[in-house]
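Source file: query-v1.cif. Holds: mmCIF, C-alpha atoms.
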data_structure
loop_
_atom_site.group_PDB
_atom_site.id
_atom_site.type_symbol
_atom_site.label_atom_id
_atom_site.label_comp_id
_atom_site.auth_asym_id
_atom_site.auth_seq_id
_atom_site.Cartn_x
_atom_site.Cartn_y
_atom_site.Cartn_z
ATOM 1 C CA MET A 354 -56.974 -13.357 17.444
ATOM 2 C CA TYR A 355 -55.696 -9.866 18.111
ATOM 3 C CA LEU A 356 -52.473 -7.929 18.495
ATOM 4 C CA TYR A 357 -52.009 -4.727 20.452
ATOM 5 C CA THR A 358 -49.817 -2.377 18.439
ATOM 6 C CA SER A 359 -48.884 0.337 20.930
ATOM 7 C CA LYS A 360 -47.262 0.499 24.349
ATOM 8 C CA ASP A 361 -49.131 3.768 24.928
ATOM 9 C CA LEU A 362 -52.539 2.237 25.569
ATOM 10 C CA PRO A 363 -54.321 3.360 28.740
ATOM 11 C CA LYS A 364 -53.170 1.464 31.829
ATOM 12 C CA ASP A 365 -56.678 0.117 32.422
ATOM 13 C CA HIS A 366 -56.997 -1.254 28.861
ATOM 14 C CA LEU A 367 -58.441 -4.758 29.040
ATOM 15 C CA GLY A 368 -55.817 -7.422 28.387
ATOM 16 C CA ARG A 369 -52.916 -4.989 27.901
ATOM 17 C CA ILE A 370 -49.780 -7.081 27.497
ATOM 18 C CA ALA A 371 -46.371 -6.745 25.926
ATOM 19 C CA ASN A 372 -45.716 -8.550 22.651
ATOM 20 C CA ARG A 373 -42.932 -8.775 20.075
ATOM 21 C CA PHE A 374 -44.594 -6.217 17.791
ATOM 22 C CA ILE A 375 -44.421 -3.614 20.562
ATOM 23 C CA GLU A 376 -41.075 -4.746 21.998
ATOM 24 C CA GLN A 377 -39.397 -4.573 18.565
ATOM 25 C CA GLU A 378 -40.996 -1.157 17.968
ATOM 26 C CA LYS A 379 -42.572 -2.188 14.664
ATOM 27 C CA SER A 380 -44.143 0.584 12.633
ATOM 28 C CA THR A 381 -47.857 1.208 13.080
ATOM 29 C CA ASP A 382 -48.030 2.795 9.607
ATOM 30 C CA LEU A 383 -49.882 0.071 7.713
ATOM 31 C CA THR A 384 -50.677 2.208 4.661
ATOM 32 C CA ASP A 385 -50.360 -0.055 1.604
ATOM 33 C CA ALA A 386 -48.894 -2.856 3.735
ATOM 34 C CA LYS A 387 -49.482 -6.465 2.795
ATOM 35 C CA LEU A 388 -50.633 -8.767 5.585
ATOM 36 C CA THR A 389 -50.245 -12.474 4.868
ATOM 37 C CA VAL A 390 -51.830 -15.090 7.103
ATOM 38 C CA ARG A 391 -51.500 -18.881 7.082
ATOM 39 C CA LEU A 392 -54.692 -20.446 8.343
ATOM 40 C CA ARG A 393 -57.086 -23.354 8.108
ATOM 41 C CA GLY A 394 -60.293 -24.475 9.701
ATOM 42 C CA GLN A 395 -63.887 -25.388 9.196
ATOM 43 C CA MET A 396 -66.669 -22.847 9.608
ATOM 44 C CA ASP A 397 -70.388 -22.469 9.243
ATOM 45 C CA PHE A 398 -70.290 -18.686 8.847
ATOM 46 C CA GLN A 399 -74.063 -18.093 9.079
ATOM 47 C CA GLY A 400 -73.722 -15.057 6.817
ATOM 48 C CA SER A 401 -70.599 -13.613 8.433
ATOM 49 C CA GLN A 402 -67.053 -13.454 7.040
ATOM 50 C CA LEU A 403 -63.590 -13.626 8.602
ATOM 51 C CA LEU A 404 -62.187 -10.112 8.221
ATOM 52 C CA LEU A 405 -59.216 -8.068 9.350
ATOM 53 C CA LEU A 406 -60.045 -5.216 11.722
ATOM 54 C CA VAL A 407 -57.700 -2.292 12.392
ATOM 55 C CA GLN A 408 -58.255 0.169 15.215
ATOM 56 C CA ALA A 409 -56.628 3.528 15.919
ATOM 57 C CA HIS A 410 -56.990 6.702 17.909
ATOM 58 C CA THR A 411 -56.195 9.458 15.415
ATOM 59 C CA GLY A 412 -56.795 12.579 17.484
ATOM 60 C CA GLU A 413 -59.405 13.738 14.946
ATOM 61 C CA THR A 414 -62.002 12.832 17.548
ATOM 62 C CA THR A 415 -61.854 11.668 21.155
ATOM 63 C CA ALA A 416 -62.930 8.217 19.998
ATOM 64 C CA ASN A 417 -61.145 5.199 18.536
ATOM 65 C CA SER A 418 -61.955 4.276 14.951
ATOM 66 C CA ALA A 419 -62.334 0.648 13.910
ATOM 67 C CA TYR A 420 -62.480 -0.460 10.286
ATOM 68 C CA VAL A 421 -62.974 -3.973 8.896
ATOM 69 C CA LEU A 422 -61.486 -4.896 5.531
ATOM 70 C CA SER A 423 -64.870 -6.022 4.207
ATOM 71 C CA GLY A 424 -63.732 -6.098 0.574
ATOM 72 C CA GLN A 425 -61.138 -8.815 1.224
ATOM 73 C CA PRO A 426 -62.638 -11.635 3.316
ATOM 74 C CA LEU A 427 -60.407 -14.550 4.265
ATOM 75 C CA ARG A 428 -61.322 -18.039 3.042
ATOM 76 C CA ILE A 429 -61.392 -20.868 5.550
ATOM 77 C CA GLU A 430 -60.385 -24.208 4.077
ATOM 78 C CA ARG A 431 -59.582 -27.561 5.679
ATOM 79 C CA ALA A 432 -56.007 -27.482 4.326
ATOM 80 C CA TRP A 433 -53.509 -24.797 5.303
ATOM 81 C CA SER A 434 -53.561 -21.813 2.950
ATOM 82 C CA GLU A 435 -51.673 -18.552 2.756
ATOM 83 C CA GLN A 436 -53.721 -15.485 1.924
ATOM 84 C CA THR A 437 -52.522 -11.919 1.484
ATOM 85 C CA LEU A 438 -54.537 -8.797 2.240
ATOM 86 C CA THR A 439 -53.602 -5.355 0.878
ATOM 87 C CA LEU A 440 -54.229 -2.526 3.333
ATOM 88 C CA ASN A 441 -54.707 0.494 1.095
ATOM 89 C CA ALA A 442 -56.943 3.460 1.817
ATOM 90 C CA ASP A 443 -59.567 2.492 -0.786
ATOM 91 C CA SER A 444 -62.741 3.263 1.153
ATOM 92 C CA THR A 445 -64.754 0.824 -1.003
ATOM 93 C CA GLN A 446 -62.730 -2.022 0.604
ATOM 94 C CA TRP A 447 -63.393 -1.002 4.227
ATOM 95 C CA THR A 448 -66.390 -0.661 6.541
ATOM 96 C CA CYS A 449 -66.198 1.618 9.566
ATOM 97 C CA LEU A 450 -67.874 -0.025 12.548
ATOM 98 C CA GLY A 451 -68.886 3.229 14.228
ATOM 99 C CA ALA A 452 -70.665 2.894 17.566
ATOM 100 C CA ARG A 453 -73.969 2.091 19.124
ATOM 101 C CA TRP A 454 -75.869 4.977 20.708
ATOM 102 C CA ASP A 455 -74.209 4.765 24.149
ATOM 103 C CA LEU A 456 -70.584 4.355 22.994
ATOM 104 C CA THR A 457 -70.181 7.310 20.614
ATOM 105 C CA ASP A 458 -67.687 8.877 23.037
ATOM 106 C CA ARG A 459 -65.454 5.773 22.705
ATOM 107 C CA TYR A 460 -65.843 4.788 19.027
ATOM 108 C CA GLY A 461 -66.288 6.715 15.805
ATOM 109 C CA CYS A 462 -65.192 6.942 12.169
ATOM 110 C CA ALA A 463 -62.084 9.028 11.596
ATOM 111 C CA ASP A 464 -60.542 9.320 8.143
ATOM 112 C CA LEU A 465 -59.455 5.876 6.881
ATOM 113 C CA GLY A 466 -56.102 7.197 5.639
ATOM 114 C CA SER A 467 -55.337 8.580 9.104
ATOM 115 C CA VAL A 468 -56.246 5.260 10.726
ATOM 116 C CA LEU A 469 -53.973 3.244 8.412
ATOM 117 C CA LYS A 470 -51.145 5.781 8.863
ATOM 118 C CA ASP A 471 -51.011 4.968 12.603
ATOM 119 C CA VAL A 472 -52.836 1.782 13.680
ATOM 120 C CA ASN A 473 -51.986 2.513 17.308
ATOM 121 C CA VAL A 474 -54.551 0.389 19.171
ATOM 122 C CA ASN A 475 -54.771 -3.100 17.641
ATOM 123 C CA ILE A 476 -55.322 -5.374 14.690
ATOM 124 C CA MET A 477 -57.499 -8.462 14.889
ATOM 125 C CA PHE A 478 -59.431 -11.027 12.934
ATOM 126 C CA VAL A 479 -63.179 -10.866 13.501
ATOM 127 C CA LEU A 480 -66.344 -12.510 12.254
ATOM 128 C CA PHE A 481 -68.561 -9.816 10.736
ATOM 129 C CA PRO A 482 -71.419 -9.207 10.453
ATOM 130 C CA LEU A 483 -73.116 -11.293 13.108
ATOM 131 C CA LYS A 484 -76.841 -11.993 13.023
ATOM 132 C CA ILE A 485 -78.090 -11.349 16.552
ATOM 133 C CA VAL A 486 -81.618 -12.701 17.069
ATOM 134 C CA PRO A 487 -83.313 -12.209 20.456
ATOM 135 C CA ALA A 488 -84.566 -15.433 22.057
ATOM 136 C CA GLY A 489 -87.672 -13.674 23.301
ATOM 137 C CA ASN A 490 -89.639 -10.507 22.801
ATOM 138 C CA VAL A 491 -87.203 -7.570 23.065
ATOM 139 C CA SER A 492 -88.674 -4.155 22.310
ATOM 140 C CA GLU A 493 -85.388 -2.253 21.856
ATOM 141 C CA PRO A 494 -82.502 -4.676 21.114
ATOM 142 C CA HIS A 495 -80.147 -1.840 20.089
ATOM 143 C CA ARG A 496 -80.479 -0.216 23.502
ATOM 144 C CA LEU A 497 -79.612 -3.439 25.331
ATOM 145 C CA TYR A 498 -76.738 -5.921 25.223
ATOM 146 C CA PRO A 499 -76.988 -9.442 23.807
ATOM 147 C CA SER A 500 -76.022 -11.715 26.679
ATOM 148 C CA PRO A 501 -73.155 -14.151 26.064
ATOM 149 C CA GLY A 502 -73.767 -17.742 27.024
ATOM 150 C CA PRO A 503 -72.528 -19.276 30.272
ATOM 151 C CA GLY A 504 -68.752 -19.049 30.602
ATOM 152 C CA GLU A 505 -68.449 -16.696 27.614
ATOM 153 C CA LYS A 506 -68.361 -13.314 29.339
ATOM 154 C CA PRO A 507 -65.065 -11.484 28.900
ATOM 155 C CA PRO A 508 -63.255 -10.791 32.188
ATOM 156 C CA GLY A 509 -64.400 -7.596 33.865
ATOM 157 C CA VAL A 510 -67.496 -7.148 31.683
ATOM 158 C CA LYS A 511 -70.807 -7.174 33.510
ATOM 159 C CA PHE A 512 -74.218 -6.674 31.959
ATOM 160 C CA PRO A 513 -77.010 -6.212 34.487
ATOM 161 C CA PRO A 514 -79.961 -8.499 33.688
ATOM 162 C CA SER A 515 -82.122 -5.416 33.119
ATOM 163 C CA GLU A 516 -79.761 -4.287 30.321
ATOM 164 C CA SER A 517 -79.238 -7.596 28.505
ATOM 165 C CA TYR A 518 -81.236 -10.224 26.641
ATOM 166 C CA GLU A 519 -80.715 -13.844 25.657
ATOM 167 C CA ILE A 520 -80.071 -14.647 22.017
ATOM 168 C CA LYS A 521 -80.778 -17.552 19.667
ATOM 169 C CA ARG A 522 -77.346 -19.121 19.340
ATOM 170 C CA GLU A 523 -78.236 -21.114 16.203
ATOM 171 C CA PHE A 524 -77.827 -17.914 14.143
ATOM 172 C CA LEU A 525 -74.199 -17.408 15.227
ATOM 173 C CA PRO A 526 -71.164 -18.776 13.347
ATOM 174 C CA LYS A 527 -69.842 -22.168 14.441
ATOM 175 C CA GLY A 528 -66.546 -23.873 13.857
ATOM 176 C CA ILE A 529 -62.829 -23.442 14.286
ATOM 177 C CA VAL A 530 -60.152 -21.246 12.729
ATOM 178 C CA MET A 531 -56.468 -21.993 13.310
ATOM 179 C CA VAL A 532 -53.855 -19.350 12.538
ATOM 180 C CA ASP A 533 -50.290 -20.603 12.089
ATOM 181 C CA TRP A 534 -48.633 -17.232 11.475
ATOM 182 C CA VAL A 535 -49.169 -13.660 10.320
ATOM 183 C CA LYS A 536 -46.607 -11.585 8.402
ATOM 184 C CA ILE A 537 -46.717 -7.872 7.661
ATOM 185 C CA GLU A 538 -44.767 -6.462 4.702
ATOM 186 C CA TYR A 539 -44.547 -2.691 4.899
ATOM 187 C CA SER A 540 -44.880 -0.464 1.836
ATOM 188 C CA GLY A 541 -41.754 1.100 0.345
#
C-alpha cells encoding of this file:
Amino acid sequence: MYLYTSKDLPKDHLGRIANRFIEQEKSTDLTDAKLTVRLRGQMDFQGSQLLLLVQAHTGETTANSAYVLSGQPLRIERAWSEQTLTLNADSTQWTCLGARWDLTDRYGCADLGSVLKDVNVNIMFVLFPLKIVPAGNVSEPHRLYPSPGPGEKPPGVKFPPSESYEIKREFLPKGIVMVDWVKIEYSG
C-alpha cells in the first residue's frame, strides 16, 4: 500500500511507475495536510500498528528520510471506517526510522519539517514495529537480514544464505487490511 509521489525518482528505483498523483502534478507539500483513508479488515497485530510512512530526499543529507506517524495509528475494524490523519510537524507524533549500520548512506533522519514540505519519494501504510525473532541461534541479528518465507522475496532482492537467517513467523502480524480509498486535503 504505497504511492510514489515524484516523477524524478532514479531510473533504477524498484517498482517505479506512473500514477495519477504524479500525472496530475499534485503537490508534495504535505505540511498540515489531512489524509483520510477508508479501510476495513481483521488483524492480529502482534504488537505492531498500522501507520502512515512518508519518505523524502531533502538534500540536507545524501540519504532519504522516512518517518512513521506513530502518534496516530489507524484502527482496523471489520466494518468500513473513515479515519483522518493530520500531518503536522509535531515531532512527538512521528518516529524517524533511520537506518541499520550498512544503509546509513541511503537512509537517515533529516528535519521533519523539511520532509513534510516535500514528500518527494513516497507515502505508504506500514506495520510497525515488527517483532523479528530468529528461528535459531543468531549471534548478530542486526548485521544480517531476516529471510522472508518462500515466495515472499521482493523482485530483484537477493540475500545470500550467509547474510540471512530464518525467523519465527508466529511473532509477525497476521490478517488482512483492505483500503477502499485515500484522500489528501492540503493545508490552506
Original post:
When the PyMOL selection byres ((chain A and resi 525) around 7) is applied to the file above, which residues end up in the set, as a ChimeraX atom specification?
Top reply: /A:399,483-484,522-524,526-527
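Using only C-alpha atoms, the nearest neighbour of Trp447 of chain A within the list A:Ser540, A:Gln425, A:Ser467, A:Ser359 is A:Gln425.
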Subject >> Within 9 Å of Pro482 of chain A using all atoms listed in the file, minus same-chain residues under 2 positions, as a list in words >> reply: Gly400, Ser401, Gln402, Val479, Leu480 and Lys484 of chain A
If we draw a sphere of 9 Å around (-60.6, -18.9, 11.0), which residues have at least one atom in it when counting only C-alpha atoms? Please report them as a CSV table (one decimal) with C-alpha atoms, keeping the file's coordinate frame.
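Below is the file part.csv, written as the result:
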chain,number,residue,atom,x,y,z
A,392,LEU,CA,-54.7,-20.4,8.3
A,393,ARG,CA,-57.1,-23.4,8.1
A,394,GLY,CA,-60.3,-24.5,9.7
A,395,GLN,CA,-63.9,-25.4,9.2
A,396,MET,CA,-66.7,-22.8,9.6
A,403,LEU,CA,-63.6,-13.6,8.6
A,427,LEU,CA,-60.4,-14.6,4.3
A,428,ARG,CA,-61.3,-18.0,3.0
A,429,ILE,CA,-61.4,-20.9,5.6
A,430,GLU,CA,-60.4,-24.2,4.1
A,478,PHE,CA,-59.4,-11.0,12.9
A,479,VAL,CA,-63.2,-10.9,13.5
A,480,LEU,CA,-66.3,-12.5,12.3
A,528,GLY,CA,-66.5,-23.9,13.9
A,529,ILE,CA,-62.8,-23.4,14.3
A,530,VAL,CA,-60.2,-21.2,12.7
A,531,MET,CA,-56.5,-22.0,13.3
A,532,VAL,CA,-53.9,-19.4,12.5
**OP:** For atom CA of Ser444 of chain A and atom CA of Asp397 of chain A, quote the distance in Å rounded to one decimal.
**Re:** 28.0 Å
**OP:** Write out as a PyMOL selection string which residues come within 8 Å of Thr437 of chain A when counting all atoms listed in the file, dropping same-chain ones fewer than 4 positions away.
**Re:** chain A and resi 387-390
Subject >> Resolved residues for the PyMOL selection byres ((chain A and resi 489) around 10) as number ranges by chain >> reply: A: 486-488, 490-492, 518-521
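Atom CA of Ala409 of chain A sits 17.6 Å away from atom CA of Asn372 of chain A.
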**OP:** Carefully work through the PyMOL selection byres ((chain A and resi 464) around 10) for this structure and note down the residues it includes, as a list in words.
**Re:** Thr411, Glu413, Ser418, Ala442, Ser444, Cys449, Gly461, Cys462, Ala463, Leu465, Gly466, Ser467, Val468 and Leu469 of chain A
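Computed from the coordinates, the atom CA of Thr415 of chain A to atom CA of Glu493 of chain A distance equals 27.4 Å.
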**OP:** Identify which of the residues A:Lys470, A:Arg453, A:His495, A:Arg431 lies closest to Gln408 of chain A, counting all atoms listed in the file when measuring atom-to-atom distances.
**Re:**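 The answer is A:Lys470, which sits nearest to Gln408 of chain A.
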Subject >> Of the listed residues A:Lys379, A:Pro499, A:Ala419, A:Thr358, that which approaches Ala452 of chain A most closely, counting all atoms listed in the file >> reply: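 Answer, going by the shortest atom-to-atom distance: A:Ala419.
Between Phe398 of chain A and the residues A:Asn475, A:Leu383, A:Phe481, A:Gly412, the shortest atom-to-atom distance, using only C-alpha atoms, involves A:Phe481.
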Subject >> Pick from A:Leu422, A:Val472, A:Ala386, A:Ile537, whichever lies nearest to Leu450 of chain A using only C-alpha atoms >> reply: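 Using only C-alpha atoms, Leu450 of chain A sits closest to A:Leu422.
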Original post:
Using only C-alpha atoms, which of the listed residues (A:Trp534, A:Tyr355, A:Arg459, A:Tyr539) sits closest to Ser380 of chain A?
Top reply: A:Tyr539
